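Here is the structure we will look at, set down as structure tokens.
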Amino acid sequence: MPTKQIALVTGANKGIGFEIVRQLAAKGFTVLLGSRDPAKGQEAVRRISGIATLDIHHVAIDQTNGESIEQAARQIEKQFGRLDVLVNNAAILIDQGDKPSELNLEKLRQTLEINVIGVVSITRAMLPMIRKSPAGRIVNVSSGGGSLGGLLKGENGLFAPAYQISKTALNAFTVLLAIELRDTPIKVNSACPGWVRTDMGGPNATYSPEQGADTPVWLASLPADGPTGRFFNSRKPIPW
């Protein structure tokens with residue numbers, strides 16, 4: 001059985017996910033780079049491997065496809081026998097600038113399917129292996145735009161209602177799962193990476209992908225006395 005910690009990062013062929021993979025691998029993790037498109041995922045592995053000799057493997061996983069998720073779980077179980085870290089990073093933002101009162105229902109359905117139901121599906125499939133870990137960690141990559149407390153304080157503002165609703169729901173899942181698992185070694189937290197210069201965030205965003213990946217990587221590496229059921233940005237707690 002492997003002695004290195006094993007981490008799966010979804011939506012990791014580019015952007016924040018790619019950088020999370022790189023940073024975890026640099027910390028000594030065996031990292032499974034999850035992507036829906038095998039060709040893009042394998043190319044991402046080659047790109048990181050060109051930077052340094054790191055232990056990274058590609059896993060094909062489409063969080064809208066139950067069979068794809070189960071196949072990925074079977075692959076990980078067969079190859080490694082357990083999973084120590086799950087970083088649910090994959091998400092979409094397709095309603096930038098829409099008004100809540102004019103919310104397109106198809107956009108909402110599609111966003112919830114990927115950003116919430118997909119995360120729940122992957123977590124359910126991977127949790128039996130995470131339970132085998134002596135220090136399991138689940139990190140849900142969320143957004144300050146889904147913080148109800150932050151919105152009521154005038155932070156972040158209205159920019160994509162379907163996306164923001166999905167991240168609020170994702171945060172609820174984080175809290176509920178953390179409560180269920182509070183008597184286990186598994187820690188479950190949400191991470192807001194901030195406004196990051198990616199395809200989703202755009203070129204004018206505040207943070208680099210390296211900066212955006214920092215909090216998710218920190219949460220994936222928490223010690224035994226670390227927090228659970230919390231929401232963090234820049235390693236600091238923020239309101240739900």
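Quick note on naming: the chains in the structure tokens go A, B, ... in the order shown, residues restart at 1 in each chain, and ligands are numbered from 1 in order of appearance.
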Got a sec: who's within 7 Å of range 146-154 of chain A, counting only C-alpha atoms, leaving out chain neighbours fewer than 4 positions off, as a count of residues only?
6
Leu176 in chain A surroundings by only C-alpha atoms, 12 Å radius, close-in-sequence under 3 positions cut, as a PyMOL selection string
chain A and resi 120+169-173+179-182+187-190+228-230
Long-range neighbours of Pro100 in chain A as number ranges by chain, 9 Å cut-off, only C-alpha atoms, 6 positions minimum in chain:
A: 158, 160-162
With DSSP run on the backbone, what are the strand (DSSP E or B) residues within range 22-229 of chain A? I'd like them as a list in words.
Thr30, Val31, Leu32, Leu33, Gly34, Ser35, Ile56, His57, His58, Val59, Ala60, Val85, Leu86, Val87, Asn88, Arg137, Ile138, Val139, Asn140, Val141, Lys187, Val188, Asn189, Ser190, Ala191, Cys192, Val196 and Tyr207 of chain A
Among the residues A:Val175, A:Ile186, A:Val119, A:Ala213, the one that comes closest to Lys14 in chain A [using only C-alpha atoms]:
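The closest residue to Lys14 in chain A is A:Ala213.
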Atomic distance CA of Leu112 in chain A - CA of Asn65 in chain A, expressed in Å with one decimal:
14.0 Å
Counting only C-alpha atoms, the option among A:His58, A:Arg124, A:Lys236, A:Lys132 closest to Gly34 in chain A:
A:His58
For Arg131 in chain A: contacts at 10 Å, only C-alpha atoms, fewer than 4 positions along chain excluded, given as an MDAnalysis selection string
chainID A and resid 82:84 126:127 135:137 181 184:186
Those selected residues, please, written with C-alpha atoms and delivered as a short mmCIF file (atom, residue, chain, number, x, y, z; two decimals), in the first residue's frame.
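What ended up in result.cif:
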```cif
data_model
loop_
_atom_site.label_atom_id
_atom_site.label_comp_id
_atom_site.auth_asym_id
_atom_site.auth_seq_id
_atom_site.Cartn_x
_atom_site.Cartn_y
_atom_site.Cartn_z
CA ARG A 82 -7.60 4.61 -0.37
CA LEU A 83 -7.91 8.37 -0.84
CA ASP A 84 -6.63 10.92 1.65
CA MET A 126 -14.98 8.76 -2.92
CA LEU A 127 -16.00 8.86 0.75
CA ALA A 135 -6.42 11.91 8.10
CA GLY A 136 -9.04 12.42 5.40
CA ARG A 137 -9.62 15.92 4.06
CA LEU A 181 -18.26 13.29 10.05
CA THR A 184 -14.14 10.85 12.48
CA PRO A 185 -10.64 12.05 11.49
CA ILE A 186 -12.12 13.55 8.30
#
```
Exercise: Gly201 in chain A partners within 12 Å, only C-alpha atoms, chain neighbours under 5 positions left out, as an mmCIF file with C-alpha atoms, in the first residue's frame:
```cif
data_model
loop_
_atom_site.group_PDB
_atom_site.id
_atom_site.type_symbol
_atom_site.label_atom_id
_atom_site.label_comp_id
_atom_site.auth_asym_id
_atom_site.auth_seq_id
_atom_site.Cartn_x
_atom_site.Cartn_y
_atom_site.Cartn_z
ATOM 1 C CA GLY A 15 -6.627 27.369 -13.744
ATOM 2 C CA ILE A 16 -6.893 27.023 -9.976
ATOM 3 C CA ILE A 92 -18.969 26.478 -14.168
ATOM 4 C CA LEU A 93 -20.021 30.123 -14.283
ATOM 5 C CA ILE A 94 -22.382 30.792 -17.190
ATOM 6 C CA GLN A 96 -22.273 36.531 -15.516
ATOM 7 C CA SER A 143 -16.801 31.534 -3.625
ATOM 8 C CA PHE A 159 -22.543 39.187 -10.411
ATOM 9 C CA PRO A 193 -9.825 31.300 -3.615
ATOM 10 C CA GLY A 194 -10.724 34.933 -4.296
ATOM 11 C CA TRP A 195 -11.027 36.598 -7.692
ATOM 12 C CA VAL A 196 -8.372 34.736 -9.681
ATOM 13 C CA THR A 206 -6.935 40.370 -8.305
ATOM 14 C CA TYR A 207 -5.083 37.143 -7.619
ATOM 15 C CA SER A 208 -2.784 34.807 -9.520
ATOM 16 C CA PRO A 209 -3.648 31.091 -9.744
ATOM 17 C CA GLY A 212 -5.867 31.318 -5.387
#
```
